[in-house]
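This is data-v3.txt. It holds compact mmCIF, C-alpha atoms and all ligand atoms.
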# COMPACT_ATOMS: atom_id res chain seq x y z
CA MET A 1 -7.73 31.18 26.82
CA THR A 2 -7.88 27.70 25.22
CA HIS A 3 -7.99 29.48 21.89
CA GLN A 4 -4.68 31.20 22.67
CA LEU A 5 -3.08 28.08 24.12
CA ARG A 6 -3.50 25.97 20.97
CA LYS A 7 -1.80 28.72 19.00
CA SER A 8 1.07 29.40 21.41
CA HIS A 9 1.94 26.12 23.17
CA PRO A 10 4.91 24.53 21.33
CA LEU A 11 3.25 21.09 21.11
CA LEU A 12 -0.39 22.13 20.75
CA LYS A 13 0.73 24.50 17.98
CA LEU A 14 1.80 21.49 15.93
CA VAL A 15 -1.60 19.81 16.41
CA ASN A 16 -3.35 23.08 15.64
CA HIS A 17 -1.45 23.57 12.37
CA SER A 18 -2.10 19.96 11.26
CA LEU A 19 -5.65 19.24 12.40
CA ILE A 20 -7.49 22.35 13.56
CA ASP A 21 -6.72 25.66 11.87
CA LEU A 22 -5.07 24.05 8.81
CA PRO A 23 -6.43 25.90 5.73
CA THR A 24 -7.97 23.23 3.49
CA PRO A 25 -9.65 23.55 0.06
CA SER A 26 -13.43 23.64 0.45
CA ASN A 27 -13.99 21.25 -2.46
CA ILE A 28 -11.87 18.16 -1.67
CA SER A 29 -13.90 15.01 -2.25
CA THR A 30 -14.20 11.60 -0.58
CA TRP A 31 -11.03 10.54 -2.41
CA TRP A 32 -9.15 12.78 0.04
CA ASN A 33 -10.45 10.66 2.95
CA PHE A 34 -8.11 7.76 2.28
CA GLY A 35 -5.01 9.47 3.70
CA SER A 36 -6.58 9.75 7.15
CA LEU A 37 -8.00 6.23 6.79
CA LEU A 38 -4.50 4.94 6.04
CA GLY A 39 -3.28 6.65 9.23
CA LEU A 40 -6.10 5.00 11.16
CA THR A 41 -5.32 1.60 9.65
CA LEU A 42 -1.64 1.99 10.58
CA MET A 43 -2.70 2.65 14.20
CA ILE A 44 -5.00 -0.41 14.21
CA GLN A 45 -2.20 -2.60 12.82
CA ILE A 46 0.33 -1.36 15.39
CA LEU A 47 -2.10 -1.78 18.30
CA THR A 48 -3.38 -5.25 17.34
CA GLY A 49 0.17 -6.27 16.35
CA VAL A 50 1.57 -5.40 19.80
CA PHE A 51 -1.12 -7.52 21.49
CA LEU A 52 -0.52 -10.44 19.12
CA MET A 53 3.22 -10.23 19.75
CA MET A 54 2.62 -10.67 23.51
CA HIS A 55 1.53 -14.28 22.81
CA PHE A 56 3.73 -15.07 19.81
CA SER A 57 6.62 -17.49 20.13
CA PRO A 58 9.08 -16.87 17.28
CA SER A 59 10.59 -20.31 16.78
CA ASP A 60 10.09 -22.79 13.95
CA THR A 61 8.79 -25.40 16.40
CA THR A 62 6.35 -23.17 18.33
CA ALA A 63 5.25 -20.29 16.03
CA PHE A 64 2.33 -22.14 14.39
CA SER A 65 0.93 -23.50 17.65
CA SER A 66 1.42 -20.19 19.50
CA VAL A 67 -0.74 -18.47 16.86
CA ALA A 68 -3.37 -21.23 17.15
CA TYR A 69 -3.23 -20.82 20.94
CA THR A 70 -3.78 -17.05 20.59
CA SER A 71 -6.85 -17.69 18.44
CA ARG A 72 -8.35 -20.41 20.65
CA GLU A 73 -7.32 -19.69 24.23
CA VAL A 74 -6.38 -16.03 24.63
CA TRP A 75 -9.25 -13.72 25.68
CA PHE A 76 -10.53 -12.21 22.41
CA GLY A 77 -7.31 -13.39 20.74
CA TRP A 78 -9.32 -14.58 17.72
CA LEU A 79 -10.72 -11.07 17.27
CA ILE A 80 -7.38 -9.33 17.59
CA ARG A 81 -5.87 -11.75 15.07
CA SER A 82 -8.78 -11.35 12.68
CA PHE A 83 -8.50 -7.53 12.90
CA HIS A 84 -4.76 -7.72 12.20
CA THR A 85 -4.99 -10.14 9.25
CA ASN A 86 -7.95 -8.42 7.60
CA GLY A 87 -6.57 -5.00 8.60
CA ALA A 88 -3.60 -5.73 6.31
CA SER A 89 -6.01 -6.28 3.39
CA ILE A 90 -7.89 -3.06 4.17
CA PHE A 91 -4.55 -1.22 4.41
CA PHE A 92 -3.66 -2.27 0.87
CA MET A 93 -7.18 -1.55 -0.45
CA PHE A 94 -6.88 2.00 0.91
CA ILE A 95 -3.32 2.54 -0.28
CA PHE A 96 -4.23 1.47 -3.84
CA LEU A 97 -7.21 3.87 -3.79
CA HIS A 98 -4.97 6.63 -2.35
CA ILE A 99 -2.43 6.13 -5.16
CA GLY A 100 -5.26 6.01 -7.74
CA ARG A 101 -6.52 9.36 -6.44
CA GLY A 102 -2.98 10.70 -6.77
CA LEU A 103 -2.74 9.57 -10.39
CA TYR A 104 -6.17 10.88 -11.42
CA TYR A 105 -5.84 14.29 -9.80
CA ALA A 106 -2.07 14.57 -10.43
CA SER A 107 -1.39 14.88 -6.69
CA TYR A 108 2.07 13.51 -7.57
CA LEU A 109 3.01 17.10 -8.38
CA HIS A 110 3.52 17.30 -4.61
CA GLU A 111 6.81 15.55 -5.45
CA ASN A 112 8.23 15.17 -1.95
CA THR A 113 4.94 13.94 -0.48
CA TRP A 114 4.61 11.48 -3.38
CA ASN A 115 8.17 10.15 -3.11
CA VAL A 116 7.87 9.57 0.63
CA GLY A 117 4.57 7.79 -0.17
CA VAL A 118 6.33 5.42 -2.58
CA ILE A 119 8.90 4.55 0.11
CA MET A 120 6.04 3.92 2.57
CA LEU A 121 4.34 1.66 0.03
CA PHE A 122 7.53 -0.36 -0.39
CA LEU A 123 8.04 -0.66 3.37
CA LEU A 124 4.39 -1.62 3.81
CA MET A 125 4.86 -4.42 1.28
CA ALA A 126 8.01 -5.60 3.09
CA THR A 127 6.18 -5.49 6.43
CA ALA A 128 3.19 -7.46 5.11
CA PHE A 129 5.46 -10.02 3.45
CA MET A 130 7.41 -10.65 6.65
CA GLY A 131 4.24 -10.67 8.78
CA TYR A 132 2.79 -13.42 6.59
CA VAL A 133 5.82 -15.61 7.33
CA LEU A 134 5.34 -15.44 11.12
CA PRO A 135 2.46 -17.97 11.60
CA TRP A 136 4.79 -20.50 9.94
CA GLY A 137 2.10 -22.22 7.86
CA GLN A 138 2.77 -23.95 4.56
CA MET A 139 2.22 -20.78 2.50
CA SER A 140 4.27 -18.70 4.97
CA PHE A 141 7.24 -21.04 4.53
CA TRP A 142 7.01 -21.58 0.79
CA GLY A 143 6.12 -17.96 0.02
CA ALA A 144 9.22 -16.88 1.96
CA THR A 145 11.30 -19.49 0.13
CA VAL A 146 10.16 -18.39 -3.36
CA ILE A 147 10.47 -14.66 -2.76
CA THR A 148 13.81 -14.65 -0.91
CA ASN A 149 15.21 -17.02 -3.56
CA LEU A 150 14.61 -14.33 -6.17
CA LEU A 151 17.52 -12.37 -4.76
CA SER A 152 19.84 -15.12 -5.99
CA ALA A 153 19.41 -13.50 -9.42
CA THR A 154 21.44 -10.48 -8.22
CA PRO A 155 24.63 -10.41 -10.33
CA TYR A 156 27.87 -11.44 -8.54
CA ILE A 157 26.53 -11.47 -4.96
CA GLY A 158 23.26 -13.39 -5.55
CA ASP A 159 24.46 -16.72 -4.18
CA THR A 160 26.04 -15.10 -1.11
CA ILE A 161 23.21 -12.78 -0.23
CA VAL A 162 20.42 -15.39 -0.05
CA PRO A 163 21.91 -17.64 2.68
CA TRP A 164 22.95 -14.42 4.48
CA ILE A 165 19.29 -13.30 4.57
CA TRP A 166 18.11 -16.79 5.55
CA GLY A 167 20.75 -17.14 8.27
CA GLY A 168 21.43 -20.67 7.02
CA PRO A 169 21.18 -22.95 3.98
CA SER A 170 17.38 -22.54 3.68
CA VAL A 171 14.46 -20.65 5.23
CA ASN A 172 14.73 -21.74 8.88
CA ASN A 173 14.43 -20.71 12.51
CA ALA A 174 16.93 -17.85 12.09
CA THR A 175 14.86 -16.47 9.19
CA LEU A 176 11.75 -16.53 11.35
CA THR A 177 13.36 -14.68 14.27
CA ARG A 178 14.84 -11.92 12.08
CA PHE A 179 11.56 -11.50 10.21
CA THR A 180 9.80 -11.16 13.57
CA ALA A 181 12.20 -8.40 14.64
CA LEU A 182 11.79 -6.54 11.33
CA HIS A 183 8.02 -7.00 11.26
CA PHE A 184 7.86 -5.29 14.67
CA LEU A 185 10.25 -2.49 13.69
CA LEU A 186 9.09 -1.47 10.20
CA PRO A 187 5.63 -0.08 11.12
CA PHE A 188 7.32 2.45 13.40
CA ILE A 189 9.58 3.53 10.53
CA ILE A 190 6.43 3.88 8.40
CA LEU A 191 4.94 6.01 11.20
CA ALA A 192 7.98 8.31 11.14
CA LEU A 193 7.71 8.54 7.36
CA LEU A 194 4.00 9.36 7.68
CA ILE A 195 4.93 12.43 9.74
CA THR A 196 7.42 13.42 7.01
CA HIS A 197 4.71 12.79 4.37
CA LEU A 198 2.40 15.22 6.15
CA ILE A 199 5.08 17.86 6.84
CA PHE A 200 5.79 17.96 3.10
CA LEU A 201 2.06 18.06 2.31
CA HIS A 202 1.31 20.91 4.71
CA GLU A 203 4.16 22.96 3.22
CA ARG A 204 1.95 23.66 0.18
CA GLY A 205 -1.43 22.36 1.30
CA SER A 206 -3.71 19.72 -0.25
CA PHE A 207 -4.59 19.86 -3.94
CA ASN A 208 -8.25 19.61 -4.92
CA PRO A 209 -10.37 17.96 -7.64
CA ALA A 210 -10.77 21.17 -9.64
CA GLY A 211 -7.00 21.69 -9.86
CA LEU A 212 -7.31 25.30 -8.69
CA SER A 213 -4.31 26.37 -6.67
CA LYS A 214 -5.54 29.61 -5.16
CA ASN A 215 -5.85 30.27 -1.44
CA THR A 216 -9.11 32.16 -1.80
CA ASP A 217 -11.43 29.24 -1.09
CA LYS A 218 -10.02 27.52 1.98
CA ILE A 219 -11.80 26.50 5.16
CA PRO A 220 -10.38 25.37 8.52
CA PHE A 221 -9.75 21.64 8.85
CA HIS A 222 -11.76 21.61 12.08
CA PRO A 223 -14.74 21.08 12.19
CA TYR A 224 -15.32 20.48 8.45
CA TYR A 225 -12.80 17.76 7.63
CA ILE A 226 -12.58 16.37 11.14
CA MET A 227 -16.29 15.50 10.78
CA LYS A 228 -15.76 14.12 7.28
CA ASP A 229 -12.79 12.01 8.41
CA VAL A 230 -14.77 10.70 11.40
CA LEU A 231 -17.53 9.61 9.01
CA GLY A 232 -14.92 7.88 6.81
CA ALA A 233 -13.47 6.17 9.91
CA VAL A 234 -16.91 4.87 10.95
CA LEU A 235 -17.51 3.43 7.45
CA ALA A 236 -14.02 1.90 7.34
CA ALA A 237 -14.51 0.40 10.82
CA SER A 238 -17.80 -1.15 9.62
CA MET A 239 -15.94 -2.65 6.68
CA LEU A 240 -13.21 -4.10 8.90
CA LEU A 241 -15.80 -5.44 11.36
CA THR A 242 -17.77 -7.08 8.53
CA LEU A 243 -14.65 -8.75 7.17
CA ALA A 244 -13.24 -9.74 10.57
CA LEU A 245 -16.51 -11.07 12.01
CA TYR A 246 -18.43 -12.50 9.04
CA LEU A 247 -15.71 -13.41 6.53
CA PRO A 248 -12.53 -13.78 8.61
CA VAL A 249 -10.78 -16.25 6.29
CA LEU A 250 -12.22 -15.09 2.95
CA LEU A 251 -9.01 -13.43 1.79
CA GLY A 252 -6.59 -16.01 3.23
CA ASP A 253 -5.16 -19.21 1.78
CA PRO A 254 -6.43 -22.56 3.19
CA GLU A 255 -2.88 -23.92 2.81
CA ASN A 256 -1.76 -21.72 5.71
CA PHE A 257 -3.87 -23.72 8.18
CA THR A 258 -1.28 -26.50 7.77
CA PRO A 259 2.04 -26.12 9.66
CA ALA A 260 5.14 -25.43 7.53
CA ASN A 261 6.65 -28.58 6.09
CA PRO A 262 9.97 -28.14 4.23
CA MET A 263 9.53 -31.64 2.75
CA ALA A 264 6.18 -30.98 0.99
CA THR A 265 5.82 -28.16 -1.55
CA PRO A 266 2.21 -26.93 -2.07
CA SER A 267 1.01 -27.33 -5.67
CA HIS A 268 0.17 -23.62 -6.12
CA ILE A 269 2.37 -21.17 -4.28
CA LYS A 270 0.83 -17.74 -4.39
CA PRO A 271 0.93 -14.64 -2.21
CA GLU A 272 -1.96 -12.69 -0.64
CA TRP A 273 -4.25 -10.83 -3.09
CA TYR A 274 -2.48 -7.48 -2.69
CA PHE A 275 0.79 -8.87 -4.07
CA LEU A 276 -0.75 -10.70 -7.02
CA PHE A 277 -0.26 -7.86 -9.57
CA ALA A 278 3.49 -7.79 -8.84
CA TYR A 279 3.63 -11.60 -8.77
CA ALA A 280 1.99 -11.75 -12.23
CA ILE A 281 4.60 -9.33 -13.58
CA LEU A 282 7.39 -11.40 -11.99
CA ARG A 283 6.14 -14.64 -13.54
CA SER A 284 5.53 -13.10 -16.96
CA THR A 285 9.22 -12.42 -17.53
CA PRO A 286 11.06 -15.52 -18.79
CA ASN A 287 14.43 -14.44 -17.36
CA LYS A 288 14.83 -14.61 -13.54
CA LEU A 289 16.77 -11.36 -13.11
CA GLY A 290 14.48 -9.66 -15.65
CA GLY A 291 11.45 -10.82 -13.66
CA VAL A 292 12.84 -9.48 -10.40
CA LEU A 293 13.68 -6.14 -12.02
CA ALA A 294 10.23 -5.94 -13.66
CA MET A 295 8.55 -6.71 -10.32
CA PHE A 296 10.45 -3.97 -8.44
CA SER A 297 9.95 -1.58 -11.37
CA SER A 298 6.18 -2.07 -11.16
CA ILE A 299 6.35 -0.22 -7.82
CA PHE A 300 9.27 2.16 -8.29
CA ILE A 301 7.89 3.32 -11.67
CA LEU A 302 5.69 5.52 -9.46
CA LEU A 303 8.80 7.65 -8.78
CA LEU A 304 8.96 8.55 -12.49
CA ILE A 305 5.36 9.72 -12.73
CA PRO A 306 5.96 13.37 -11.70
CA PHE A 307 8.48 13.62 -14.59
CA LEU A 308 5.99 12.17 -17.08
CA HIS A 309 3.35 14.86 -16.49
CA THR A 310 3.13 16.57 -19.88
CA THR A 311 -0.17 18.44 -19.62
CA THR A 312 -0.70 22.00 -18.42
CA GLN A 313 -3.97 21.00 -16.74
CA GLN A 314 -3.41 19.36 -13.41
CA PRO A 315 -6.21 16.86 -12.74
CA MET A 316 -7.92 14.62 -15.29
CA SER A 317 -11.33 16.11 -14.40
CA LEU A 318 -11.55 17.98 -17.74
CA ARG A 319 -9.55 15.48 -19.84
CA PRO A 320 -11.92 12.69 -20.96
CA LEU A 321 -9.33 10.85 -23.06
CA SER A 322 -6.91 10.62 -20.16
CA GLN A 323 -9.79 9.50 -17.96
CA LEU A 324 -10.42 6.60 -20.33
CA LEU A 325 -6.76 5.62 -20.27
CA PHE A 326 -6.72 5.90 -16.48
CA TRP A 327 -9.64 3.47 -16.16
CA ALA A 328 -7.96 1.16 -18.70
CA LEU A 329 -4.90 1.15 -16.42
CA ILE A 330 -7.09 0.29 -13.42
CA LEU A 331 -8.67 -2.59 -15.40
CA ASN A 332 -5.20 -3.73 -16.41
CA PHE A 333 -4.12 -3.70 -12.75
CA LEU A 334 -7.17 -5.79 -11.79
CA ALA A 335 -6.44 -8.21 -14.66
CA LEU A 336 -2.84 -8.59 -13.41
CA THR A 337 -4.21 -9.30 -9.92
CA TRP A 338 -6.48 -12.00 -11.33
CA ILE A 339 -3.74 -13.56 -13.48
CA GLY A 340 -1.28 -13.59 -10.55
CA GLY A 341 -3.63 -16.02 -8.77
CA GLN A 342 -3.95 -18.43 -11.72
CA PRO A 343 -1.68 -21.42 -12.43
CA VAL A 344 1.27 -20.86 -14.78
CA ASN A 345 -0.15 -22.38 -17.94
CA SER A 346 -1.99 -21.39 -21.12
CA PRO A 347 -3.72 -18.93 -21.58
CA TYR A 348 -2.55 -17.21 -18.38
CA ILE A 349 1.10 -17.03 -19.43
CA LEU A 350 0.31 -15.03 -22.58
CA LEU A 351 -2.35 -12.94 -20.83
CA GLY A 352 0.17 -12.15 -18.08
CA GLN A 353 2.79 -11.08 -20.61
CA ILE A 354 0.35 -8.82 -22.47
CA THR A 355 -1.02 -7.16 -19.33
CA SER A 356 2.48 -6.71 -17.85
CA LEU A 357 3.65 -4.99 -21.03
CA LEU A 358 0.52 -2.84 -21.17
CA TYR A 359 1.08 -1.75 -17.56
CA PHE A 360 4.51 -0.30 -18.35
CA ILE A 361 3.57 1.04 -21.81
CA THR A 362 0.51 2.86 -20.42
CA ILE A 363 2.46 4.59 -17.67
CA LEU A 364 5.69 5.31 -19.56
CA ILE A 365 4.36 6.15 -23.03
CA LEU A 366 0.59 6.38 -23.50
CA MET A 367 -0.25 8.63 -20.54
CA PRO A 368 2.42 11.29 -21.23
CA LEU A 369 1.65 11.17 -24.97
CA LEU A 370 -2.05 11.66 -24.42
CA GLY A 371 -1.39 14.48 -21.96
CA ALA A 372 0.68 16.31 -24.58
CA LEU A 373 -1.98 15.68 -27.22
CA GLU A 374 -4.74 17.01 -24.98
CA ASN A 375 -2.62 20.09 -24.40
CA LYS A 376 -2.65 20.81 -28.11
CA MET A 377 -6.37 20.01 -28.42
CA THR A 378 -7.46 22.26 -25.56
CA LYS A 379 -5.12 25.22 -26.19
CA PRO A 380 -7.24 28.28 -26.92
CA PRO A 381 -6.38 29.71 -30.40
CA PHE A 382 -5.40 33.12 -29.01
CA ILE A 383 -2.48 31.81 -26.95
C1 LIG A 401 1.21 4.31 5.03
C2 LIG A 401 0.75 4.84 3.94
C3 LIG A 401 0.23 6.25 3.77
C4 LIG A 401 -0.38 7.07 4.68
C5 LIG A 401 -0.71 6.75 6.13
C6 LIG A 401 -0.68 8.32 3.99
C7 LIG A 401 -1.31 9.42 4.56
C8 LIG A 401 -1.69 10.57 3.88
C9 LIG A 401 -2.52 11.62 4.42
C10 LIG A 401 -3.11 11.66 5.83
C11 LIG A 401 -2.69 12.56 3.45
C12 LIG A 401 -3.57 13.83 3.49
C13 LIG A 401 -5.03 13.47 3.13
C14 LIG A 401 -5.21 13.04 1.68
O1 LIG A 401 -4.85 13.82 0.77
O2 LIG A 401 -5.67 11.91 1.43
C15 LIG A 401 -1.91 12.13 2.30
C16 LIG A 401 -1.78 12.84 1.11
C17 LIG A 401 -1.03 12.45 0.03
N1 LIG A 401 -0.43 11.21 -0.13
FE1 LIG A 401 -0.35 9.73 1.26
N2 LIG A 401 -0.25 8.23 2.69
C18 LIG A 401 0.30 6.98 2.51
C19 LIG A 401 0.84 6.48 1.35
C20 LIG A 401 0.98 7.18 0.16
C21 LIG A 401 1.51 6.66 -1.06
C22 LIG A 401 1.94 5.21 -1.27
C23 LIG A 401 1.52 7.69 -1.96
C24 LIG A 401 1.99 7.68 -3.40
C25 LIG A 401 2.75 6.84 -3.96
C26 LIG A 401 1.00 8.86 -1.32
C27 LIG A 401 0.86 10.11 -1.90
C28 LIG A 401 0.21 11.19 -1.35
C29 LIG A 401 0.02 12.49 -2.00
C30 LIG A 401 0.58 12.90 -3.35
C31 LIG A 401 -0.76 13.27 -1.14
C32 LIG A 401 -1.23 14.71 -1.40
C33 LIG A 401 -2.63 14.67 -2.00
C34 LIG A 401 -3.21 16.00 -2.43
O3 LIG A 401 -3.08 16.98 -1.72
O4 LIG A 401 -3.81 16.04 -3.51
N3 LIG A 401 0.67 8.51 -0.04
N4 LIG A 401 -1.33 10.92 2.59

Show me, as structure tokens, the structure contained in the file I just sent.
Amino acid sequence: MTHQLRKSHPLLKLVNHSLIDLPTPSNISTWWNFGSLLGLTLMIQILTGVFLMMHFSPSDTTAFSSVAYTSREVWFGWLIRSFHTNGASIFFMFIFLHIGRGLYYASYLHENTWNVGVIMLFLLMATAFMGYVLPWGQMSFWGATVITNLLSATPYIGDTIVPWIWGGPSVNNATLTRFTALHFLLPFIILALLITHLIFLHERGSFNPAGLSKNTDKIPFHPYYIMKDVLGAVLAASMLLTLALYLPVLLGDPENFTPANPMATPSHIKPEWYFLFAYAILRSTPNKLGGVLAMFSSIFILLLIPFLHTTTQQPMSLRPLSQLLFWALILNFLALTWIGGQPVNSPYILLGQITSLLYFITILILMPLLGALENKMTKPPFI
């Protein structure tokens, strides 16, 4: 009876097709766990965010102290805040790993799923950026000032658009209230996009590490991958608990424990770790507009990747040269992250310029070239 119901009920049918009877390749590895972990992280962020918002006072005179009050006086407020702050870091860790999996196994050939993913990544970055402004600490204020100021490089409308976004002549109370509204709204848009992401994915089904696209070796999602995803969730929860309970401020900036002061600029303005790669690219370009374009391109370049796939083999599993280049790109990304946190002086300026260039050259030229070369090298002589 229950068996029939999950297949015939209009709502249960949807759950059944997505999480129970869904035919899934038998060989997908741990790298395929990060999608479900991202979904879990999104839920944690929404839930903890709603509880934080209940005690938040979005005004430039009260925001900082209302957050301190939540941490000190609200029942388990410190824990909810620590989950939310460190949850953002875990979210980015997982999304970078999820994208890395996509690059290595050429999952981007699911073009629609990939493109929706890129939009989610961008919205996630916007959400995290605006969330960081809310506690109205020194880094919140000055980070918001630096990043929103970049838009003044927009040709013709630059000088009009920045005060329009600020709601005044500088980052101020109006900026804080609109960022609060958007920080609440955007995660729900990401949630809607997640559903779209999965509808597109389930149209063709997940890829797999071997790159085989046949339906002959599929198993039902439940119980096999439900169990595997539950294991992943337990490990991820342990990670979040470790960060939130033992190292709650490890990834934050000490400057943000000081209330925002428009009269005193911190000596080193830098964003959270997950933005540092893009920040390094921004600072490496001498021209302001060029820097802004390079920074946005470092994310939207992902949209070009499906068009740059030149090999007939899908994943990199049997392409050792491409594997090497892939790991060089990962190292380059880590180097950019490190440089983004350093002061703007020698040798970091030059290192930043070299790694920024290498980032674009690897994705736009070296990877497609190597793919085409490997095609020639691996083509059997009788074809
Ligand atoms: C809020 C962020 C995201 C969530 C919650 C999410 C969720 C998921 C889930 C649940 C899956 C299925 C399980 C898996 O294959 O891991 C998946 C697959 C996929 N995602 Fe995401 N994703 C997100 C962001 C992204 C981004 C930023 C990209 C790429 C730029 C992306 C590209 C893909 C692709 C290509 C697949 C298919 C993988 C395959 O079958 O080989 N996703 N995603």

Item to complete: Using CA of Gly232 (chain A) and CA of Leu194 (chain A) as the two end points, give the distance in Å to one decimal.
Response: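 According to the coordinates, CA of Gly232 (chain A) and CA of Leu194 (chain A) are separated by 19.0 Å.
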
Worksheet entry | Residue with smallest distance to ligand LIG 401 (chain A) - pool A:Arg319, A:Arg101, A:Arg283, A:Arg6, counting only C-alpha atoms and all ligand atoms | A:Arg101

Taking all atoms of ligand LIG 401 (chain A) that appear in the file, build a box with edges along x, y and z, extend it by 4 Å on every side, and state its centre and edge lengths in Å to one decimal, as lines of an AutoDock Vina configuration file.
center_x = -1.5
center_y = 10.6
center_z = 1.1
size_x = 16.4
size_y = 20.7
size_z = 18.1

Practice prompt. Please identify all polymer residues within 10 Å of Leu351 (chain A), counting only C-alpha atoms, omitting same-chain residues fewer than 3 positions from it, and present them as a PyMOL selection string.
Written response: chain A and resi 280+284+335-336+339+346-348+354-357

Fill in: Best match for closeness to ligand LIG 401 (chain A) among A:His268, A:Lys218, A:His98, A:His183, counting all atoms listed in the file
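Smallest distance to ligand LIG 401 (chain A) is found for A:His98.
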
Which protein, DNA or RNA residues have an atom at most 10 Å from (0.6, -3.1, -15.7), counting only C-alpha atoms? List them as a PDB file with C-alpha atoms, keeping the file's coordinate frame.
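Heads up, here's the output in point_36.pdb:
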ATOM      1  CA  PHE A 277      -0.260  -7.860  -9.570  1.00  0.00           C
ATOM      2  CA  ALA A 278       3.490  -7.790  -8.840  1.00  0.00           C
ATOM      3  CA  ALA A 280       1.990 -11.750 -12.230  1.00  0.00           C
ATOM      4  CA  ILE A 281       4.600  -9.330 -13.580  1.00  0.00           C
ATOM      5  CA  SER A 298       6.180  -2.070 -11.160  1.00  0.00           C
ATOM      6  CA  LEU A 329      -4.900   1.150 -16.420  1.00  0.00           C
ATOM      7  CA  ILE A 330      -7.090   0.290 -13.420  1.00  0.00           C
ATOM      8  CA  LEU A 331      -8.670  -2.590 -15.400  1.00  0.00           C
ATOM      9  CA  ASN A 332      -5.200  -3.730 -16.410  1.00  0.00           C
ATOM     10  CA  PHE A 333      -4.120  -3.700 -12.750  1.00  0.00           C
ATOM     11  CA  LEU A 334      -7.170  -5.790 -11.790  1.00  0.00           C
ATOM     12  CA  ALA A 335      -6.440  -8.210 -14.660  1.00  0.00           C
ATOM     13  CA  LEU A 336      -2.840  -8.590 -13.410  1.00  0.00           C
ATOM     14  CA  THR A 337      -4.210  -9.300  -9.920  1.00  0.00           C
ATOM     15  CA  GLY A 352       0.170 -12.150 -18.080  1.00  0.00           C
ATOM     16  CA  GLN A 353       2.790 -11.080 -20.610  1.00  0.00           C
ATOM     17  CA  ILE A 354       0.350  -8.820 -22.470  1.00  0.00           C
ATOM     18  CA  THR A 355      -1.020  -7.160 -19.330  1.00  0.00           C
ATOM     19  CA  SER A 356       2.480  -6.710 -17.850  1.00  0.00           C
ATOM     20  CA  LEU A 357       3.650  -4.990 -21.030  1.00  0.00           C
ATOM     21  CA  LEU A 358       0.520  -2.840 -21.170  1.00  0.00           C
ATOM     22  CA  TYR A 359       1.080  -1.750 -17.560  1.00  0.00           C
ATOM     23  CA  PHE A 360       4.510  -0.300 -18.350  1.00  0.00           C
ATOM     24  CA  ILE A 361       3.570   1.040 -21.810  1.00  0.00           C
ATOM     25  CA  THR A 362       0.510   2.860 -20.420  1.00  0.00           C
ATOM     26  CA  ILE A 363       2.460   4.590 -17.670  1.00  0.00           C
TER      27      ILE A 363
END

Discussion item. From the options A:Leu19, A:Gly371, A:Lys288, A:Pro25, which residue's atoms come nearest to Ser213 (chain A), counting all atoms listed in the file?
Written reply: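 Once distances to Ser213 (chain A) are computed over all atoms listed in the file, the minimum belongs to A:Pro25.
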
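Among A:Asn16, A:Ser59, A:Ser71, A:Asn33, the residue with the shortest atom-to-atom distance to Phe94 (chain A), counting only C-alpha atoms, is A:Asn33.
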
Worksheet item: Which protein, DNA or RNA residues have an atom at most 9 Å from (11.6, -14.2, 2.6), counting all atoms listed in the file? List them as a list in words.
Response: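 Output: Phe129, Met130, Val133, Ser140, Phe141, Trp142, Gly143, Ala144, Thr145, Val146, Ile147, Thr148, Asn149, Ile165, Trp166, Val171, Thr175 and Phe179 of chain A.
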
Discussion item. Set the distance at 9 Å and use only C-alpha atoms: which residues neighbour Ala264 (chain A) once local chain neighbours fewer than 3 positions away are removed? I'd like the list as a PyMOL selection string.
Written reply: chain A and resi 138+260-261

I need the chosen residues saved as an mmCIF file, in the frame of the given file, with C-alpha atoms.
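For reference, result-v8.cif as written:
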data_model
loop_
_atom_site.group_PDB
_atom_site.id
_atom_site.type_symbol
_atom_site.label_atom_id
_atom_site.label_comp_id
_atom_site.auth_asym_id
_atom_site.auth_seq_id
_atom_site.Cartn_x
_atom_site.Cartn_y
_atom_site.Cartn_z
ATOM 1 C CA GLN A 138 2.770 -23.950 4.560
ATOM 2 C CA ALA A 260 5.140 -25.430 7.530
ATOM 3 C CA ASN A 261 6.650 -28.580 6.090
#

Worksheet item: Which of these residues is nearest to Met377 (chain A), using all atoms listed in the file: A:Phe96, A:Asn86, A:Gln313, A:Glu111?
Response: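 Using all atoms listed in the file, Met377 (chain A) sits closest to A:Gln313.
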
Worksheet entry | Pairwise distance for atom C31 of ligand LIG 401 (chain A) and CA of Ser238 (chain A), rounded to one decimal in Å |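 Going from atom C31 of ligand LIG 401 (chain A) over to CA of Ser238 (chain A), I get 24.8 Å.
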
Fill in: Among listed residues A:Gly131, A:Gly205, A:Pro320, A:Pro254, nearest ligand LIG 401 (chain A) (using only C-alpha atoms and all ligand atoms)
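Among A:Gly131, A:Gly205, A:Pro320, A:Pro254, it is A:Gly205 that comes nearest to ligand LIG 401 (chain A).
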
Worksheet item: CA of Lys270 (chain A) and CA of Gly168 (chain A), how far apart in Å?
Response: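 So the two atoms, CA of Gly168 (chain A) and CA of Lys270 (chain A), lie 23.7 Å apart.
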
Worksheet entry | Residue contacts of Leu240 (chain A) (8 Å, all atoms listed in the file) excluding same-chain residues fewer than 5 positions away, as an MDAnalysis selection string | chainID A and resid 83 86:87 90

Worksheet item: Which polymer residues have any atom within 10 Å of an atom of His84 (chain A), counting only C-alpha atoms, with same-chain residues fewer than 2 positions away left out, as a ChimeraX atom specification?
Response: /A:41,44-49,51-52,78-82,86-90,240,244

Worksheet item: Hey, what's within 6 Å of Thr113 (chain A) if we count all atoms listed in the file and toss same-chain stuff fewer than 2 positions away? As a PyMOL selection string, please?
Response: chain A and resi 110-111+115-116+197+200-201
